[in-house]
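Here's the structure, in structure tokens; my notes come after.
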Amino acid sequence: MYRIVRKKVLNPTVTLMDVDAPLIAKKAEPGQFIILRVDENGERIPLTVADFDREKGTVTIIFQIVGATTEKLNHLNEGDYIHDFVGPLGVASHTEGLKKVAVVGGGVGCAIAYPIAKKLHNLGCEVHTVAGFRNKDLVILEDEFKACSDIMKIMTDDGSYGTKGLVTDALKELIESGNRYDEVIAIGPLIMMKFVCKLTKEYDIKTVVSMNPIMIDGTGMCGGCRLTVGGETKFACVDGPDFDGHLVDFDEAMERGTIYKEFENRKREEACNLFAKEGK
């Protein structure tokens, strides 16, 4: 059992939790993830390590409330316990030797991008961050990104905060103003990462994306997280979650990502109704 030591609502659909997990905190690195179960009958879901504190022994997770399990998780509070919390899993993001990087985050994907930007900054890398959201109310981690970014641009679809437009607009502007990046790191919705990669390919800039599809066992045995990368089948849980974005078959990944949408919506509705009946 893993105790929740802090809970913070970042926006109406995104929540941050610090979880007491000293063994995981001791070994976790940016880019890795954990798999949790809210209770003994719960499903397994992967969540990226959003931060960690080795001294306090805590691991930070940030999740969007999109299905039944994240709905249940969000109903837990400080002092409550998560039944299973396993990790760190996956391959840590490559950060060594990079001198200048553009980190592009979209929506809750910014929670995955932040620890990478933070580590790059601590290693002396020049970090330019572009963070995109639908509107002002959904902006997260702004102060945290500012603390580890030499340049930061916030984009919103409706122009209610930062600059109106897409993350690709800001990235293109940065590139065309003369910035030469060793690498672009893009993390967010699949469609966003697809078009970031399409842009960077025009400029021949290496681009790494974080692929976080449905994962079940986290060890590569179930095959639920398979992807096609460079014409080969890869498993995000053991081969990734980071991959060369110019080689990822995004269209296939997007199609597979919608397979369980109807089921997920139904299960979340059932969970919401259950909590409503219990008065929670």
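In the structure tokens, each chain is lettered A, B, ... as it comes, each chain's residues begin at 1, and ligands are numbered from 1 in order of appearance.
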
>> Please list as a list of chain:residue names every residue within 8 Å of region 114-129 of chain A, counting only C-alpha atoms and excluding residues in the same chain fewer than 5 positions away.
In response: A:Pro30, A:Gly31, A:Ala50, A:Asp51, A:Ser93, A:Thr95, A:Glu96, A:Leu98, A:Lys99, A:Lys100, A:Val101, A:Ala102, A:Val103, A:Val104, A:Gly105, A:Leu141, A:Glu144, A:Phe145, A:Cys148, A:Ser149, A:Asp150, A:Ile151, A:Met152, A:Lys153

> Leaving out Met211 (chain A) and any residue of its chain fewer than 6 positions from it, which residues lie within 8 Å of it when counting only C-alpha atoms, given as a PyMOL selection string?
Replying inline: chain A and resi 187+236+240-243

> Among region 36-274 of chain A, which residues carry a DSSP assignment of strand (DSSP E or B), reported as a PyMOL selection string?
Replying inline: chain A and resi 36-37+45-53+58-64+81-82+84-89+100-106+126-133+151-156+163-164+183-187+207-210+226-229+232-235+242-244+248

> Looking at A:Pro189, A:Gly159, A:Gly67, A:Gly87, which one is nearest to Phe33 (chain A), with distances taken over only C-alpha atoms?
Replying inline: A:Gly87

> If you count only C-alpha atoms, which residues fall within 8 Å of Val49 (chain A), apart from same-chain ones fewer than 5 positions away, as a list in words?
Replying inline: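 Surrounding residues, per the criterion: Ala28, Glu29, Pro30, Gly31, Gln32, Phe33, Ile34, Val59, Thr60, Ile61, Ile62 and Ile112 of chain A.
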
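The two atoms in question, CA of Val5 (chain A) and CA of Thr70 (chain A), are spaced 17.6 Å apart.
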
>> Excluding Lys26 (chain A) and its own-chain neighbours fewer than 5 positions away, which residues fall within 12 Å of it when counting only C-alpha atoms? Please give them as a list in words.
In response: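 Once the adjacent positions are removed, what remains is Asp20, Ala21, Asp51, Phe52, Asp53, Arg54, Glu55, Lys56, Gly57, Thr58, Val59, Gly87 and Pro88 of chain A.
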
>> To one decimal place in Å, what is the distance between CA of Val208 (chain A) and CA of Asp18 (chain A)?
In response: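 Those two atoms sit 27.1 Å apart.
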
> So which one's closest to Asp80 (chain A), A:Val38, A:Ile24, A:Asp143, A:Ile4? Using only C-alpha atoms, please.
Replying inline: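 Looking at the shortest contact to Asp80 (chain A), the residue is A:Ile4.
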
>> Between A:Leu36, A:Ile65, A:Ile140, A:Val91, which residue has the minimum interatomic distance to Asn11 (chain A), considering only C-alpha atoms?
In response: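 For Asn11 (chain A), the nearest of the given residues is A:Ile140.
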
> Which residue gives the smallest distance to Cys225 (chain A) among A:Gly132, A:Gly90, A:Gly188, A:Gly109, with only C-alpha atoms counted?
Replying inline: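 Smallest separation from Cys225 (chain A) among the options: A:Gly90.
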
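Picture a line from CA of Ser160 (chain A) to CA of Lys198 (chain A); it runs 26.7 Å.
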
Would you write out, as a Markdown table, a table of all residues in region 203-246 of chain A that have an atom no more than 12 Å from an atom of region 163-176 of chain A, listing for each the closest atom pair and the distance in Å to one decimal, considering only C-alpha atoms and ordering rows by chain and rising residue number?
```
| residue | atom | partner | partner_atom | distance |
| --- | --- | --- | --- | --- |
| A:Tyr203 | CA | A:Ile175 | CA | 8.4 |
| A:Asp204 | CA | A:Ile175 | CA | 11.2 |
| A:Ile205 | CA | A:Ile175 | CA | 9.8 |
```

>> Going by DSSP on the backbone, which residues of region 81-262 of chain A come out as helix (DSSP H, G or I)? List them as an MDAnalysis selection string.
In response: chainID A and resid 107:122 136:138 142:147 167:176 190:202 236:239 245:247 250:257 261:262
